[in-house]
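Structure file query-v9.cif; described as mmCIF, C-alpha atoms.
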```cif
data_coords
#
loop_
_atom_site.label_atom_id
_atom_site.label_comp_id
_atom_site.auth_asym_id
_atom_site.auth_seq_id
_atom_site.Cartn_x
_atom_site.Cartn_y
_atom_site.Cartn_z
CA MET A 1 204.28 -26.20 -34.54
CA ALA A 2 202.71 -22.94 -35.77
CA ARG A 3 199.74 -24.90 -37.11
CA MET A 4 199.20 -26.47 -33.71
CA VAL A 5 199.19 -23.08 -31.96
CA THR A 6 196.79 -21.69 -34.55
CA PHE A 7 194.53 -24.72 -34.13
CA LEU A 8 194.52 -24.40 -30.32
CA LEU A 9 193.76 -20.67 -30.47
CA GLY A 10 190.94 -21.31 -32.92
CA ALA A 11 189.54 -24.08 -30.73
CA ALA A 12 189.68 -21.84 -27.65
CA ALA A 13 187.92 -19.00 -29.51
CA GLY A 14 185.26 -21.40 -30.72
CA ALA A 15 184.71 -22.79 -27.23
CA ALA A 16 184.40 -19.27 -25.82
CA GLY A 17 181.93 -18.37 -28.54
CA VAL A 18 179.79 -21.42 -27.81
CA TYR A 19 180.00 -20.72 -24.06
CA PHE A 20 179.02 -17.05 -24.27
CA LEU A 21 176.65 -17.17 -27.25
CA ASP A 22 174.61 -20.18 -26.07
CA PRO A 23 170.92 -19.22 -26.49
CA ALA A 24 169.88 -20.84 -23.19
CA SER A 25 172.59 -19.64 -20.77
CA GLY A 26 174.80 -17.25 -22.76
CA ALA A 27 173.22 -14.03 -21.45
CA ARG A 28 173.60 -15.15 -17.83
CA ARG A 29 177.23 -16.17 -18.46
CA ARG A 30 178.05 -12.85 -20.19
CA ASN A 31 176.50 -10.86 -17.35
CA GLN A 32 178.26 -12.93 -14.72
CA THR A 33 181.63 -12.52 -16.48
CA ARG A 34 181.04 -8.76 -16.86
CA ASP A 35 180.18 -8.45 -13.14
CA GLN A 36 183.27 -10.41 -12.13
CA ALA A 37 185.50 -8.25 -14.36
CA LEU A 38 184.02 -5.03 -12.91
CA ALA A 39 184.49 -6.33 -9.37
CA LYS A 40 188.16 -7.10 -10.09
CA ALA A 41 188.59 -3.61 -11.58
CA ARG A 42 187.00 -2.04 -8.47
CA GLN A 43 189.26 -4.08 -6.20
CA GLY A 44 192.28 -2.97 -8.20
CA LYS A 45 191.21 0.66 -7.96
CA GLU A 46 190.65 0.39 -4.19
CA GLU A 47 194.00 -1.34 -3.73
CA ALA A 48 195.75 1.38 -5.73
CA ALA A 49 194.04 4.08 -3.64
CA ARG A 50 195.03 2.28 -0.43
CA GLN A 51 198.64 2.04 -1.54
CA ALA A 52 198.67 5.71 -2.54
CA THR A 53 197.27 6.71 0.85
CA GLN A 54 199.82 4.55 2.61
CA ALA A 55 202.66 6.09 0.60
CA ALA A 56 201.37 9.60 1.36
CA ASN A 57 201.14 8.79 5.08
CA LYS A 58 204.69 7.42 5.07
CA ALA A 59 205.93 10.57 3.36
CA GLN A 60 204.04 12.76 5.83
CA GLY A 61 205.52 10.80 8.71
CA ALA A 62 209.02 11.19 7.29
CA VAL A 63 208.49 14.94 6.99
CA ARG A 64 207.26 15.19 10.58
CA LYS A 65 210.18 13.08 11.77
CA ALA A 66 212.66 15.29 9.93
CA THR A 67 211.06 18.57 11.05
CA PRO A 68 212.41 19.79 14.39
CA SER A 69 209.69 20.13 16.98
CA GLY A 70 210.68 22.67 19.54
CA SER A 71 208.73 24.41 22.24
CA SER A 72 208.93 27.64 20.22
CA GLU A 73 205.96 26.60 18.09
CA PRO A 74 202.61 27.04 19.89
CA ALA A 75 200.31 24.06 19.87
CA TYR A 76 197.28 24.19 17.65
CA ASP A 77 194.66 26.32 19.34
CA ILE A 78 191.98 23.65 19.69
CA THR A 79 194.48 21.11 20.99
CA LEU A 80 195.92 23.70 23.35
CA ALA A 81 192.47 24.60 24.71
CA ARG A 82 191.63 20.92 25.29
CA THR A 83 195.01 20.37 26.99
CA VAL A 84 194.39 23.35 29.29
CA GLU A 85 190.94 21.99 30.14
CA THR A 86 192.45 18.62 31.00
CA GLU A 87 195.00 20.22 33.31
CA ILE A 88 192.84 22.78 35.11
CA PHE A 89 189.87 20.45 35.65
CA ARG A 90 191.84 17.56 37.19
CA ALA A 91 190.54 18.26 40.68
CA PRO A 92 187.24 16.49 41.36
CA ASP A 93 185.70 19.65 42.80
CA ALA A 94 186.78 21.91 39.90
CA PRO A 95 183.95 24.01 38.42
CA LYS A 96 183.99 22.18 35.09
CA GLY A 97 180.62 23.19 33.71
CA ARG A 98 181.00 26.86 34.56
CA VAL A 99 184.24 27.70 32.72
CA SER A 100 184.73 28.14 28.99
CA VAL A 101 188.26 27.66 27.64
CA ASN A 102 189.45 28.71 24.20
CA ALA A 103 192.80 29.62 22.68
CA GLU A 104 193.90 32.02 19.96
CA ASN A 105 197.50 32.02 18.75
CA GLY A 106 198.70 30.43 21.98
CA VAL A 107 196.77 32.84 24.23
CA VAL A 108 194.26 31.03 26.46
CA PHE A 109 191.01 32.74 27.44
CA LEU A 110 189.12 31.60 30.55
CA ARG A 111 185.53 32.83 30.72
CA GLY A 112 182.69 32.17 33.11
CA GLU A 113 181.14 32.92 36.46
CA ILE A 114 182.49 31.19 39.57
CA ASP A 115 181.40 31.80 43.16
CA ASP A 116 184.82 31.20 44.77
CA PRO A 117 187.55 33.83 44.02
CA GLN A 118 190.22 31.27 44.99
CA TRP A 119 189.16 29.07 42.08
CA ILE A 120 189.48 32.04 39.72
CA ALA A 121 193.12 32.57 40.70
CA ARG A 122 193.86 28.84 40.81
CA LEU A 123 192.47 28.14 37.33
CA GLY A 124 194.40 31.06 35.84
CA ASP A 125 197.62 29.93 37.51
CA GLU A 126 197.21 26.30 36.41
CA ALA A 127 196.42 27.34 32.84
CA SER A 128 199.60 29.43 32.66
CA ARG A 129 201.71 26.38 33.55
CA VAL A 130 200.53 24.31 30.57
CA PRO A 131 203.28 23.91 27.93
CA GLY A 132 202.54 25.88 24.78
CA VAL A 133 200.52 28.60 26.53
CA ALA A 134 201.93 31.99 25.59
CA ALA A 135 199.61 33.96 27.90
CA VAL A 136 196.40 33.58 29.89
CA ARG A 137 193.53 36.07 29.81
CA ASN A 138 191.58 35.21 32.93
CA LEU A 139 188.13 36.70 32.37
CA LEU A 140 186.49 34.65 35.14
CA HIS A 141 184.42 36.61 37.65
CA THR A 142 182.19 36.12 40.65
CA SER A 143 178.44 36.66 40.49
CA ALA A 144 178.83 39.93 42.43
CA THR A 145 181.14 41.48 39.83
CA PRO A 146 180.48 42.32 36.20
CA ALA A 147 182.11 40.22 33.52
CA PRO A 148 185.47 41.66 32.47
CA THR A 149 186.19 42.27 28.80
CA ALA A 150 189.22 41.05 26.92
CA PRO A 151 191.79 43.74 26.05
CA GLY A 152 191.06 45.29 22.67
CA THR A 153 187.30 44.66 22.86
CA SER A 154 184.59 47.05 23.90
#
```
Structure re-expressed in structure tokens:
Amino acid sequence: MARMVTFLLGAAAGAAGVYFLDPASGARRRNQTRDQALAKARQGKEEAARQATQAANKAQGAVRKATPSGSSEPAYDITLARTVETEIFRAPDAPKGRVSVNAENGVVFLRGEIDDPQWIARLGDEASRVPGVAAVRNLLHTSATPAPTAPGTS
């Protein structure tokens, strides 16, 4: 039995040698086999990276699910500013292009020049009602008044 296995292994090695060392087509076959092996290695690497990313995302999701999310934590500033914009500019006649909204540590700043004083009060009031807003600094002004400065600035 051992002789048969040895014979078959020798025959397979000989066939592979003839296949890959053939003077007419051996170089093409070696290159093709190399390319296929590299492609399989790349696919394996990409699959491993995909699985690692998926595992990391699952772990991150589990952490977020386990972490209590209360209203005591302010929303991220950029998200908060975009949420405030969404809320205060719902009205079709809102002065969208004339108001700048940004947030810092939960404090929303409204800046710009608006002709109607009622809009100034309305935008400040609507911004203060958005969840996650700690305070509103309404620095909006009419064209007849100078621009106010934020507290703590000169």
Nearest to A:Ile120, chosen from A:Val108, A:Val133, A:Val5, A:Thr142, with all atoms listed in the file counted in the distances
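When distances to A:Ile120 are compared using all atoms listed in the file, the smallest one comes from A:Thr142.
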Would you kindly return, as a list in words, each protein, DNA or RNA residue with an atom no farther than 12 Å from any atom of A:Ala16, considering all atoms listed in the file and excluding same-chain residues fewer than 5 positions away?
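Listing them by chain and then by number gives Leu9, Gly10, Ala11, Leu21, Asp22, Gly26, Arg29, Arg30 and Thr33 of chain A.
Distances to A:Leu80 were evaluated for A:Leu8, A:Val18, A:Val136, A:Ala55 using only C-alpha atoms, and the minimum falls at A:Val136.
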Of the candidates A:Ala103, A:Ala144, A:Met1, A:Val84, which shows the shortest atom-to-atom distance to A:Glu126, using all atoms listed in the file?
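The closest residue to A:Glu126 is A:Val84.
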To test your reading of the syntax: which residues would the PyMOL selection byres ((chain A and resi 96) around 12) return for the file shown? Reply as a ChimeraX atom specification.
/A:84-95,97-101,110-114,119,123
Quick one: pull the distance between atom CA of A:Leu139 and atom CA of A:Asp125, Å, one decimal.
12.7 Å
One decimal, in Å: what's the spacing between atom CA of A:Thr83 and atom CA of A:Ala134?
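So the two atoms, atom CA of A:Thr83 and atom CA of A:Ala134, lie 13.6 Å apart.
The space separating atom CA of A:Tyr76 from atom CA of A:Gly106 comes to 7.7 Å.
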Stretch 6-17 of chain A rebuilt with all heavy atoms, output as an mmCIF file, in the coordinates of the input:
```cif
data_model
loop_
_atom_site.group_PDB
_atom_site.id
_atom_site.type_symbol
_atom_site.label_atom_id
_atom_site.label_comp_id
_atom_site.auth_asym_id
_atom_site.auth_seq_id
_atom_site.Cartn_x
_atom_site.Cartn_y
_atom_site.Cartn_z
ATOM 1 N N THR A 6 197.931 -22.293 -33.868
ATOM 2 C CA THR A 6 196.790 -21.690 -34.550
ATOM 3 C C THR A 6 195.538 -22.516 -34.299
ATOM 4 O O THR A 6 194.454 -21.973 -34.051
ATOM 5 C CB THR A 6 197.067 -21.574 -36.058
ATOM 6 O OG1 THR A 6 198.266 -20.837 -36.250
ATOM 7 C CG2 THR A 6 195.934 -20.882 -36.784
ATOM 8 N N PHE A 7 195.673 -23.845 -34.377
ATOM 9 C CA PHE A 7 194.530 -24.720 -34.130
ATOM 10 C C PHE A 7 194.017 -24.562 -32.695
ATOM 11 O O PHE A 7 192.811 -24.459 -32.468
ATOM 12 C CB PHE A 7 194.916 -26.181 -34.388
ATOM 13 C CG PHE A 7 193.836 -27.149 -34.019
ATOM 14 C CD1 PHE A 7 192.718 -27.307 -34.840
ATOM 15 C CD2 PHE A 7 193.905 -27.897 -32.847
ATOM 16 C CE1 PHE A 7 191.710 -28.187 -34.486
ATOM 17 C CE2 PHE A 7 192.902 -28.771 -32.490
ATOM 18 C CZ PHE A 7 191.799 -28.924 -33.323
ATOM 19 N N LEU A 8 194.927 -24.523 -31.726
ATOM 20 C CA LEU A 8 194.520 -24.400 -30.320
ATOM 21 C C LEU A 8 193.857 -23.041 -30.048
ATOM 22 O O LEU A 8 192.859 -22.977 -29.321
ATOM 23 C CB LEU A 8 195.725 -24.598 -29.399
ATOM 24 C CG LEU A 8 196.260 -26.036 -29.325
ATOM 25 C CD1 LEU A 8 197.519 -26.083 -28.466
ATOM 26 C CD2 LEU A 8 195.203 -26.977 -28.769
ATOM 27 N N LEU A 9 194.384 -21.983 -30.646
ATOM 28 C CA LEU A 9 193.760 -20.670 -30.470
ATOM 29 C C LEU A 9 192.371 -20.642 -31.108
ATOM 30 O O LEU A 9 191.432 -20.078 -30.545
ATOM 31 C CB LEU A 9 194.633 -19.570 -31.059
ATOM 32 C CG LEU A 9 195.907 -19.237 -30.274
ATOM 33 C CD1 LEU A 9 196.753 -18.222 -31.042
ATOM 34 C CD2 LEU A 9 195.574 -18.708 -28.905
ATOM 35 N N GLY A 10 192.239 -21.251 -32.259
ATOM 36 C CA GLY A 10 190.940 -21.310 -32.920
ATOM 37 C C GLY A 10 189.948 -22.125 -32.110
ATOM 38 O O GLY A 10 188.770 -21.757 -31.984
ATOM 39 N N ALA A 11 190.416 -23.233 -31.540
ATOM 40 C CA ALA A 11 189.540 -24.080 -30.730
ATOM 41 C C ALA A 11 189.101 -23.332 -29.466
ATOM 42 O O ALA A 11 187.927 -23.398 -29.061
ATOM 43 C CB ALA A 11 190.252 -25.375 -30.362
ATOM 44 N N ALA A 12 190.021 -22.603 -28.854
ATOM 45 C CA ALA A 12 189.680 -21.840 -27.650
ATOM 46 C C ALA A 12 188.674 -20.745 -27.976
ATOM 47 O O ALA A 12 187.712 -20.517 -27.224
ATOM 48 C CB ALA A 12 190.937 -21.241 -27.023
ATOM 49 N N ALA A 13 188.861 -20.045 -29.110
ATOM 50 C CA ALA A 13 187.920 -19.000 -29.510
ATOM 51 C C ALA A 13 186.558 -19.599 -29.807
ATOM 52 O O ALA A 13 185.514 -19.027 -29.448
ATOM 53 C CB ALA A 13 188.460 -18.249 -30.717
ATOM 54 N N GLY A 14 186.533 -20.736 -30.428
ATOM 55 C CA GLY A 14 185.260 -21.400 -30.720
ATOM 56 C C GLY A 14 184.552 -21.823 -29.447
ATOM 57 O O GLY A 14 183.329 -21.650 -29.312
ATOM 58 N N ALA A 15 185.301 -22.368 -28.494
ATOM 59 C CA ALA A 15 184.710 -22.790 -27.230
ATOM 60 C C ALA A 15 184.144 -21.586 -26.470
ATOM 61 O O ALA A 15 183.051 -21.645 -25.894
ATOM 62 C CB ALA A 15 185.732 -23.530 -26.378
ATOM 63 N N ALA A 16 184.877 -20.477 -26.493
ATOM 64 C CA ALA A 16 184.400 -19.270 -25.820
ATOM 65 C C ALA A 16 183.142 -18.757 -26.500
ATOM 66 O O ALA A 16 182.190 -18.324 -25.827
ATOM 67 C CB ALA A 16 185.481 -18.198 -25.824
ATOM 68 N N GLY A 17 183.115 -18.796 -27.826
ATOM 69 C CA GLY A 17 181.930 -18.370 -28.540
ATOM 70 C C GLY A 17 180.725 -19.208 -28.196
ATOM 71 O O GLY A 17 179.623 -18.689 -27.961
#
```
